[in-house]
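Dumped input-v2.pdb below, it's PDB, C-alpha atoms, pLDDT in the B column:
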```
ATOM      1  CA  MET A 104       0.000   0.000   0.000  1.00 55.00           C
ATOM      2  CA  SER A 105       1.421   3.351  -0.938  1.00 59.00           C
ATOM      3  CA  TRP A 106       0.714   6.537   0.917  1.00 60.00           C
ATOM      4  CA  PRO A 107       0.063   9.755  -0.925  1.00 60.00           C
ATOM      5  CA  MET A 108       3.069  11.998  -0.800  1.00 57.00           C
ATOM      6  CA  LYS A 109       2.543  15.333   0.939  1.00 57.00           C
ATOM      7  CA  SER A 110       4.966  18.137   1.010  1.00 55.00           C
ATOM      8  CA  CYS A 111       6.874  18.194   4.277  1.00 59.00           C
ATOM      9  CA  LEU A 112       8.360  21.581   3.704  1.00 56.00           C
ATOM     10  CA  PRO A 113       8.106  23.875   6.730  1.00 61.00           C
ATOM     11  CA  LEU A 114       5.721  26.820   6.574  1.00 52.00           C
ATOM     12  CA  SER A 115       7.223  30.224   6.000  1.00 54.00           C
ATOM     13  CA  THR A 116       6.941  32.904   8.667  1.00 55.00           C
ATOM     14  CA  SER A 117       4.304  34.802   6.690  1.00 52.00           C
ATOM     15  CA  GLU A 118       2.248  31.603   6.281  1.00 51.00           C
ATOM     16  CA  LEU A 119       2.426  30.987  10.037  1.00 45.00           C
ATOM     17  CA  VAL A 120       1.286  34.548  10.775  1.00 48.00           C
ATOM     18  CA  GLU A 121      -1.608  34.273   8.299  1.00 52.00           C
ATOM     19  CA  ALA A 122      -2.706  30.990   9.865  1.00 51.00           C
ATOM     20  CA  ALA A 123      -2.637  32.506  13.370  1.00 58.00           C
ATOM     21  CA  GLU A 124      -4.478  35.748  12.456  1.00 68.00           C
ATOM     22  CA  PRO A 125      -8.059  34.419  12.736  1.00 75.00           C
ATOM     23  CA  LYS A 126      -7.269  32.865  16.113  1.00 84.00           C
ATOM     24  CA  ARG A 127      -5.699  36.112  17.372  1.00 84.00           C
ATOM     25  CA  GLU A 128      -8.744  38.076  16.173  1.00 87.00           C
ATOM     26  CA  GLU A 129     -11.073  35.769  18.092  1.00 91.00           C
ATOM     27  CA  GLN A 130      -8.927  36.121  21.207  1.00 91.00           C
ATOM     28  CA  ALA A 131      -8.896  39.909  20.846  1.00 91.00           C
ATOM     29  CA  LYS A 132     -12.660  39.969  20.343  1.00 92.00           C
ATOM     30  CA  ALA A 133     -13.179  37.793  23.435  1.00 92.00           C
ATOM     31  CA  LEU A 134     -10.977  40.131  25.484  1.00 92.00           C
ATOM     32  CA  CYS A 135     -12.904  43.200  24.299  1.00 91.00           C
ATOM     33  CA  LEU A 136     -16.242  41.565  25.065  1.00 93.00           C
ATOM     34  CA  ARG A 137     -15.048  40.651  28.575  1.00 94.00           C
ATOM     35  CA  LEU A 138     -13.935  44.242  29.174  1.00 93.00           C
ATOM     36  CA  LEU A 139     -17.204  45.629  27.798  1.00 92.00           C
ATOM     37  CA  THR A 140     -19.201  43.295  30.032  1.00 93.00           C
ATOM     38  CA  ALA A 141     -17.713  44.943  33.127  1.00 92.00           C
ATOM     39  CA  ARG A 142     -18.483  48.500  31.951  1.00 90.00           C
ATOM     40  CA  ALA A 143     -18.734  50.624  28.823  1.00 92.00           C
ATOM     41  CA  ARG A 144     -15.352  51.590  27.404  1.00 93.00           C
ATOM     42  CA  THR A 145     -14.048  53.929  24.756  1.00 93.00           C
ATOM     43  CA  ARG A 146     -12.349  52.779  21.591  1.00 94.00           C
ATOM     44  CA  ALA A 147      -9.079  54.269  22.883  1.00 94.00           C
ATOM     45  CA  GLU A 148      -9.305  52.290  26.138  1.00 94.00           C
ATOM     46  CA  LEU A 149      -9.871  49.045  24.242  1.00 94.00           C
ATOM     47  CA  THR A 150      -7.031  49.842  21.826  1.00 94.00           C
ATOM     48  CA  GLU A 151      -4.736  50.393  24.800  1.00 94.00           C
ATOM     49  CA  GLN A 152      -5.766  47.109  26.431  1.00 93.00           C
ATOM     50  CA  LEU A 153      -5.217  45.170  23.196  1.00 93.00           C
ATOM     51  CA  ALA A 154      -1.792  46.774  22.666  1.00 93.00           C
ATOM     52  CA  LYS A 155      -0.841  46.021  26.270  1.00 94.00           C
ATOM     53  CA  ARG A 156      -1.553  42.341  25.607  1.00 92.00           C
ATOM     54  CA  GLY A 157       0.506  42.294  22.429  1.00 91.00           C
ATOM     55  CA  TYR A 158      -2.140  42.334  19.697  1.00 90.00           C
ATOM     56  CA  SER A 159      -1.028  43.865  16.414  1.00 89.00           C
ATOM     57  CA  GLU A 160      -2.501  47.140  15.253  1.00 91.00           C
ATOM     58  CA  GLU A 161      -4.126  45.415  12.262  1.00 91.00           C
ATOM     59  CA  VAL A 162      -5.881  42.822  14.445  1.00 91.00           C
ATOM     60  CA  SER A 163      -6.989  45.506  16.911  1.00 92.00           C
ATOM     61  CA  THR A 164      -8.357  47.714  14.154  1.00 93.00           C
ATOM     62  CA  ARG A 165     -10.342  44.893  12.530  1.00 92.00           C
ATOM     63  CA  VAL A 166     -11.813  43.736  15.859  1.00 93.00           C
ATOM     64  CA  LEU A 167     -12.682  47.253  17.027  1.00 93.00           C
ATOM     65  CA  ASN A 168     -14.246  48.116  13.660  1.00 94.00           C
ATOM     66  CA  ARG A 169     -16.462  45.015  13.908  1.00 93.00           C
ATOM     67  CA  LEU A 170     -17.493  45.891  17.471  1.00 93.00           C
ATOM     68  CA  THR A 171     -18.222  49.490  16.444  1.00 92.00           C
ATOM     69  CA  THR A 172     -20.343  48.306  13.520  1.00 92.00           C
ATOM     70  CA  ALA A 173     -22.226  46.017  15.918  1.00 92.00           C
ATOM     71  CA  GLY A 174     -22.926  49.024  18.164  1.00 90.00           C
ATOM     72  CA  LEU A 175     -20.878  47.775  21.124  1.00 92.00           C
ATOM     73  CA  ILE A 176     -18.414  50.676  20.972  1.00 93.00           C
ATOM     74  CA  ASP A 177     -19.833  54.202  20.734  1.00 93.00           C
ATOM     75  CA  ASP A 178     -17.647  57.006  22.062  1.00 94.00           C
ATOM     76  CA  ALA A 179     -20.378  59.641  21.736  1.00 93.00           C
ATOM     77  CA  ASP A 180     -22.826  57.588  23.794  1.00 93.00           C
ATOM     78  CA  PHE A 181     -20.088  56.788  26.309  1.00 94.00           C
ATOM     79  CA  ALA A 182     -19.297  60.501  26.715  1.00 94.00           C
ATOM     80  CA  GLU A 183     -22.948  61.438  27.263  1.00 94.00           C
ATOM     81  CA  GLN A 184     -23.424  58.713  29.859  1.00 93.00           C
ATOM     82  CA  TRP A 185     -20.150  59.616  31.571  1.00 94.00           C
ATOM     83  CA  VAL A 186     -21.109  63.299  31.839  1.00 93.00           C
ATOM     84  CA  ARG A 187     -24.585  62.508  33.173  1.00 91.00           C
ATOM     85  CA  SER A 188     -23.319  59.999  35.720  1.00 92.00           C
ATOM     86  CA  ARG A 189     -20.366  62.031  37.001  1.00 92.00           C
ATOM     87  CA  ARG A 190     -22.470  65.192  37.333  1.00 89.00           C
ATOM     88  CA  GLU A 191     -25.211  63.437  39.284  1.00 88.00           C
ATOM     89  CA  ARG A 192     -23.118  61.184  41.507  1.00 89.00           C
ATOM     90  CA  ALA A 193     -19.847  63.056  41.985  1.00 88.00           C
ATOM     91  CA  GLY A 194     -21.006  66.621  41.291  1.00 89.00           C
ATOM     92  CA  LYS A 195     -18.269  67.242  38.732  1.00 91.00           C
ATOM     93  CA  GLY A 196     -18.059  70.541  36.866  1.00 91.00           C
ATOM     94  CA  ARG A 197     -17.328  71.144  33.173  1.00 90.00           C
ATOM     95  CA  LYS A 198     -13.553  71.405  33.552  1.00 91.00           C
ATOM     96  CA  ALA A 199     -13.226  68.145  35.472  1.00 93.00           C
ATOM     97  CA  LEU A 200     -15.542  66.301  33.079  1.00 94.00           C
ATOM     98  CA  GLU A 201     -13.620  67.592  30.089  1.00 94.00           C
ATOM     99  CA  ALA A 202     -10.320  66.411  31.594  1.00 94.00           C
ATOM    100  CA  GLU A 203     -11.749  62.981  32.449  1.00 94.00           C
ATOM    101  CA  LEU A 204     -13.086  62.475  28.933  1.00 95.00           C
ATOM    102  CA  ARG A 205      -9.718  63.464  27.467  1.00 95.00           C
ATOM    103  CA  THR A 206      -7.976  60.828  29.579  1.00 94.00           C
ATOM    104  CA  LYS A 207     -10.482  58.284  28.256  1.00 94.00           C
ATOM    105  CA  GLY A 208      -9.364  59.100  24.699  1.00 93.00           C
ATOM    106  CA  ILE A 209     -12.513  60.869  23.526  1.00 94.00           C
ATOM    107  CA  ASP A 210     -12.176  63.284  20.567  1.00 93.00           C
ATOM    108  CA  GLU A 211     -12.506  67.012  21.257  1.00 94.00           C
ATOM    109  CA  ASP A 212     -15.635  67.442  19.117  1.00 94.00           C
ATOM    110  CA  VAL A 213     -17.357  64.537  20.928  1.00 94.00           C
ATOM    111  CA  ILE A 214     -16.388  66.110  24.271  1.00 94.00           C
ATOM    112  CA  ALA A 215     -17.819  69.457  23.189  1.00 94.00           C
ATOM    113  CA  THR A 216     -21.078  67.809  22.138  1.00 94.00           C
ATOM    114  CA  ALA A 217     -21.372  65.873  25.412  1.00 93.00           C
ATOM    115  CA  LEU A 218     -20.733  68.997  27.493  1.00 92.00           C
ATOM    116  CA  SER A 219     -23.024  71.244  25.442  1.00 90.00           C
ATOM    117  CA  GLY A 220     -25.997  70.260  27.603  1.00 83.00           C
ATOM    118  CA  ILE A 221     -24.440  71.846  30.685  1.00 85.00           C
ATOM    119  CA  ASP A 222     -25.239  75.534  30.911  1.00 83.00           C
ATOM    120  CA  ALA A 223     -23.805  77.961  33.463  1.00 82.00           C
ATOM    121  CA  GLY A 224     -27.053  78.043  35.438  1.00 86.00           C
ATOM    122  CA  ALA A 225     -27.203  74.282  35.833  1.00 85.00           C
ATOM    123  CA  GLU A 226     -23.545  74.151  36.830  1.00 88.00           C
ATOM    124  CA  ARG A 227     -24.040  76.865  39.447  1.00 90.00           C
ATOM    125  CA  GLU A 228     -27.135  75.104  40.785  1.00 90.00           C
ATOM    126  CA  ARG A 229     -25.169  71.842  41.213  1.00 90.00           C
ATOM    127  CA  ALA A 230     -22.368  73.729  43.001  1.00 92.00           C
ATOM    128  CA  GLU A 231     -24.938  75.289  45.354  1.00 91.00           C
ATOM    129  CA  GLN A 232     -26.357  71.829  46.146  1.00 91.00           C
ATOM    130  CA  LEU A 233     -22.895  70.488  46.959  1.00 91.00           C
ATOM    131  CA  VAL A 234     -22.046  73.440  49.211  1.00 91.00           C
ATOM    132  CA  ALA A 235     -25.408  73.315  50.992  1.00 90.00           C
ATOM    133  CA  ALA A 236     -24.945  69.619  51.772  1.00 88.00           C
ATOM    134  CA  LYS A 237     -21.463  70.217  53.237  1.00 88.00           C
ATOM    135  CA  LEU A 238     -22.392  73.423  55.032  1.00 84.00           C
ATOM    136  CA  ARG A 239     -25.163  71.786  57.074  1.00 80.00           C
ATOM    137  CA  ARG A 240     -22.506  69.751  58.913  1.00 79.00           C
ATOM    138  CA  GLU A 241     -20.204  72.684  59.601  1.00 74.00           C
ATOM    139  CA  ALA A 242     -20.061  74.514  62.908  1.00 72.00           C
ATOM    140  CA  LEU A 243     -20.138  78.202  62.093  1.00 73.00           C
ATOM    141  CA  GLY A 244     -17.916  80.429  64.193  1.00 71.00           C
ATOM    142  CA  ASP A 245     -16.793  84.022  64.132  1.00 66.00           C
ATOM    143  CA  ASP A 246     -14.209  83.339  61.428  1.00 71.00           C
ATOM    144  CA  ASP A 247     -15.520  81.807  58.218  1.00 80.00           C
ATOM    145  CA  VAL A 248     -12.170  81.861  56.407  1.00 84.00           C
ATOM    146  CA  LYS A 249     -11.397  78.218  57.173  1.00 85.00           C
ATOM    147  CA  ILE A 250     -14.854  77.016  56.087  1.00 87.00           C
ATOM    148  CA  THR A 251     -14.770  79.213  52.983  1.00 89.00           C
ATOM    149  CA  ARG A 252     -11.340  77.922  52.006  1.00 90.00           C
ATOM    150  CA  ARG A 253     -12.394  74.295  52.535  1.00 89.00           C
ATOM    151  CA  LEU A 254     -15.619  74.621  50.504  1.00 91.00           C
ATOM    152  CA  VAL A 255     -14.004  76.579  47.660  1.00 93.00           C
ATOM    153  CA  ALA A 256     -11.260  73.938  47.470  1.00 93.00           C
ATOM    154  CA  MET A 257     -13.877  71.173  47.355  1.00 92.00           C
ATOM    155  CA  LEU A 258     -15.580  72.844  44.398  1.00 93.00           C
ATOM    156  CA  ALA A 259     -12.250  73.519  42.672  1.00 93.00           C
ATOM    157  CA  ARG A 260     -11.304  69.816  42.920  1.00 93.00           C
ATOM    158  CA  ARG A 261     -14.571  68.999  41.207  1.00 92.00           C
ATOM    159  CA  GLY A 262     -13.857  71.302  38.293  1.00 91.00           C
ATOM    160  CA  TYR A 263     -15.756  74.488  39.142  1.00 92.00           C
ATOM    161  CA  SER A 264     -14.183  77.873  38.391  1.00 91.00           C
ATOM    162  CA  PRO A 265     -12.646  79.656  41.400  1.00 91.00           C
ATOM    163  CA  ALA A 266     -14.763  82.794  40.908  1.00 92.00           C
ATOM    164  CA  MET A 267     -18.025  80.863  40.808  1.00 92.00           C
ATOM    165  CA  ALA A 268     -16.932  78.665  43.716  1.00 93.00           C
ATOM    166  CA  TYR A 269     -16.151  81.674  45.906  1.00 93.00           C
ATOM    167  CA  ASP A 270     -19.415  83.390  44.944  1.00 93.00           C
ATOM    168  CA  VAL A 271     -21.479  80.261  45.684  1.00 93.00           C
ATOM    169  CA  VAL A 272     -19.734  79.654  49.024  1.00 92.00           C
ATOM    170  CA  SER A 273     -20.112  83.283  50.122  1.00 91.00           C
ATOM    171  CA  GLY A 274     -23.819  83.280  49.319  1.00 91.00           C
ATOM    172  CA  ALA A 275     -24.366  79.932  50.987  1.00 88.00           C
ATOM    173  CA  LEU A 276     -22.519  80.992  54.139  1.00 87.00           C
ATOM    174  CA  ALA A 277     -24.621  84.152  54.421  1.00 84.00           C
ATOM    175  CA  GLY A 278     -27.805  82.135  53.871  1.00 84.00           C
ATOM    176  CA  GLU A 279     -26.790  79.516  56.441  1.00 79.00           C
ATOM    177  CA  ARG A 280     -25.960  82.162  59.046  1.00 79.00           C
ATOM    178  CA  GLU A 281     -29.386  83.745  58.496  1.00 80.00           C
ATOM    179  CA  ARG A 282     -31.130  80.365  58.677  1.00 76.00           C
ATOM    180  CA  ARG A 283     -29.414  79.472  61.952  1.00 72.00           C
ATOM    181  CA  ARG A 284     -30.203  82.881  63.437  1.00 72.00           C
ATOM    182  CA  VAL A 285     -33.956  82.357  63.054  1.00 55.00           C
TER     183      VAL A 285
END
```

In structure tokens, how does this file's structure come out?
Amino acid sequence: MSWPMKSCLPLSTSELVEAAEPKREEQAKALCLRLLTARARTRAELTEQLAKRGYSEEVSTRVLNRLTTAGLIDDADFAEQWVRSRRERAGKGRKALEAELRTKGIDEDVIATALSGIDAGAERERAEQLVAAKLRREALGDDDVKITRRLVAMLARRGYSPAMAYDVVSGALAGERERRRV
């Protein structure tokens, strides 16, 4: 009985890479899906995670394009949700939100669109809510400098402008003194 002769020549490097590409794409896709299951992520975050794990740029691009087409990656939607959540839960101002979105790899025009819904009145109102909540627990004395400094710093850390922060704190302190007098 004779066996059919097959070529026993070793595969070239390019043939090995081509054979491994579909498997690497599936692994990259599985990684992205695992990351997206935990929380929404930006395209830049996923690109960074894939690069960190050694996936080629070509594989990453193909996988991320497929996930974007499927609607699983949407930076504009991510930015809107991020702004809404961080404003409500953490009381962040425009500057802080803008900086956070930049670190997430969101494009400037997407950031501008996401922040366009925040007007100065709404931002001031949120700052007043934050100060009022903190001020209720403060013991007011003769010298309000320490309390003022602490509250203005709290607002500044959350991305509110110093002028608005000082104005809000001054008004809230005066209102709280009047309320406690009655």

Residues near segment 234-244 of chain A, cut-off 8 Å, only C-alpha atoms, skip fewer than 5 positions along chain, as JSON, numbers by chain: {"A": [250, 254, 271, 272, 275, 276, 279, 280]}

Target residues per the PyMOL selection byres ((chain A and resi 166-169) around 9), formatted as a list in words: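 Expected selection for the PyMOL selection byres ((chain A and resi 166-169) around 9) here is Glu128, Glu129, Ala131, Lys132, Cys135, Arg146, Leu149, Thr150, Glu161, Val162, Ser163, Thr164, Arg165, Leu170, Thr171, Thr172, Ala173, Gly174, Leu175 and Ile176 of chain A.
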
Surrounding residues of Ala182 of chain A excluding itself and chain neighbours under 2 positions, 9 Å, only C-alpha atoms, as number ranges by chain: A: 145, 177-180, 184-187, 204, 209, 213-214, 216-218

Residues matched by the PyMOL selection byres ((chain A and resi 261) around 12), written as a PDB file with C-alpha atoms, in the coordinates of the input:
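Full text of out.pdb as output:
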```pdb
ATOM      1  CA  ARG A 189     -20.366  62.031  37.001  1.00 92.00           C
ATOM      2  CA  ARG A 190     -22.470  65.192  37.333  1.00 89.00           C
ATOM      3  CA  ARG A 192     -23.118  61.184  41.507  1.00 89.00           C
ATOM      4  CA  ALA A 193     -19.847  63.056  41.985  1.00 88.00           C
ATOM      5  CA  GLY A 194     -21.006  66.621  41.291  1.00 89.00           C
ATOM      6  CA  LYS A 195     -18.269  67.242  38.732  1.00 91.00           C
ATOM      7  CA  GLY A 196     -18.059  70.541  36.866  1.00 91.00           C
ATOM      8  CA  ARG A 197     -17.328  71.144  33.173  1.00 90.00           C
ATOM      9  CA  LYS A 198     -13.553  71.405  33.552  1.00 91.00           C
ATOM     10  CA  ALA A 199     -13.226  68.145  35.472  1.00 93.00           C
ATOM     11  CA  LEU A 200     -15.542  66.301  33.079  1.00 94.00           C
ATOM     12  CA  GLU A 201     -13.620  67.592  30.089  1.00 94.00           C
ATOM     13  CA  ALA A 202     -10.320  66.411  31.594  1.00 94.00           C
ATOM     14  CA  GLU A 203     -11.749  62.981  32.449  1.00 94.00           C
ATOM     15  CA  GLU A 226     -23.545  74.151  36.830  1.00 88.00           C
ATOM     16  CA  ARG A 229     -25.169  71.842  41.213  1.00 90.00           C
ATOM     17  CA  ALA A 230     -22.368  73.729  43.001  1.00 92.00           C
ATOM     18  CA  LEU A 233     -22.895  70.488  46.959  1.00 91.00           C
ATOM     19  CA  VAL A 234     -22.046  73.440  49.211  1.00 91.00           C
ATOM     20  CA  LEU A 254     -15.619  74.621  50.504  1.00 91.00           C
ATOM     21  CA  VAL A 255     -14.004  76.579  47.660  1.00 93.00           C
ATOM     22  CA  ALA A 256     -11.260  73.938  47.470  1.00 93.00           C
ATOM     23  CA  MET A 257     -13.877  71.173  47.355  1.00 92.00           C
ATOM     24  CA  LEU A 258     -15.580  72.844  44.398  1.00 93.00           C
ATOM     25  CA  ALA A 259     -12.250  73.519  42.672  1.00 93.00           C
ATOM     26  CA  ARG A 260     -11.304  69.816  42.920  1.00 93.00           C
ATOM     27  CA  GLY A 262     -13.857  71.302  38.293  1.00 91.00           C
ATOM     28  CA  TYR A 263     -15.756  74.488  39.142  1.00 92.00           C
ATOM     29  CA  SER A 264     -14.183  77.873  38.391  1.00 91.00           C
ATOM     30  CA  PRO A 265     -12.646  79.656  41.400  1.00 91.00           C
ATOM     31  CA  ALA A 268     -16.932  78.665  43.716  1.00 93.00           C
TER      32      ALA A 268
END
```

Atomic distance atom CA of Tyr269 of chain A - atom CA of Lys249 of chain A, expressed in Å with one decimal: 12.7 Å

Edge lengths and centre, in Å to one decimal, as AutoDock Vina command-line options: that's what I need for the box along x, y and z that holds all listed atoms of segment 275-282 of chain A plus 6 Å on each side.
```
--center_x -26.8 --center_y 81.8 --center_z 55.0 --size_x 20.6 --size_y 16.6 --size_z 20.1
```

Distance of atom CA of Leu136 of chain A from atom CA of Glu183 of chain A, expressed in Å to one decimal place: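 Taking atom CA of Glu183 of chain A and atom CA of Leu136 of chain A, their separation equals 21.1 Å.
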
Straight-line distance linking atom CA of Ala147 of chain A with atom CA of Gly208 of chain A, stated in Å to one decimal: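 Rounded to one decimal, the two atoms are 5.2 Å apart.
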
Nearest candidate to Glu191 of chain A (options A:Ala215, A:Ala225, A:Ala141, A:Met267; using all atoms listed in the file):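 The closest residue to Glu191 of chain A is A:Ala225.
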
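You can rank A:Ala266, A:Leu139, A:Val248, A:Leu134 by their closest distance to Leu153 of chain A using all atoms listed in the file, and at the top of that list sits A:Leu134.
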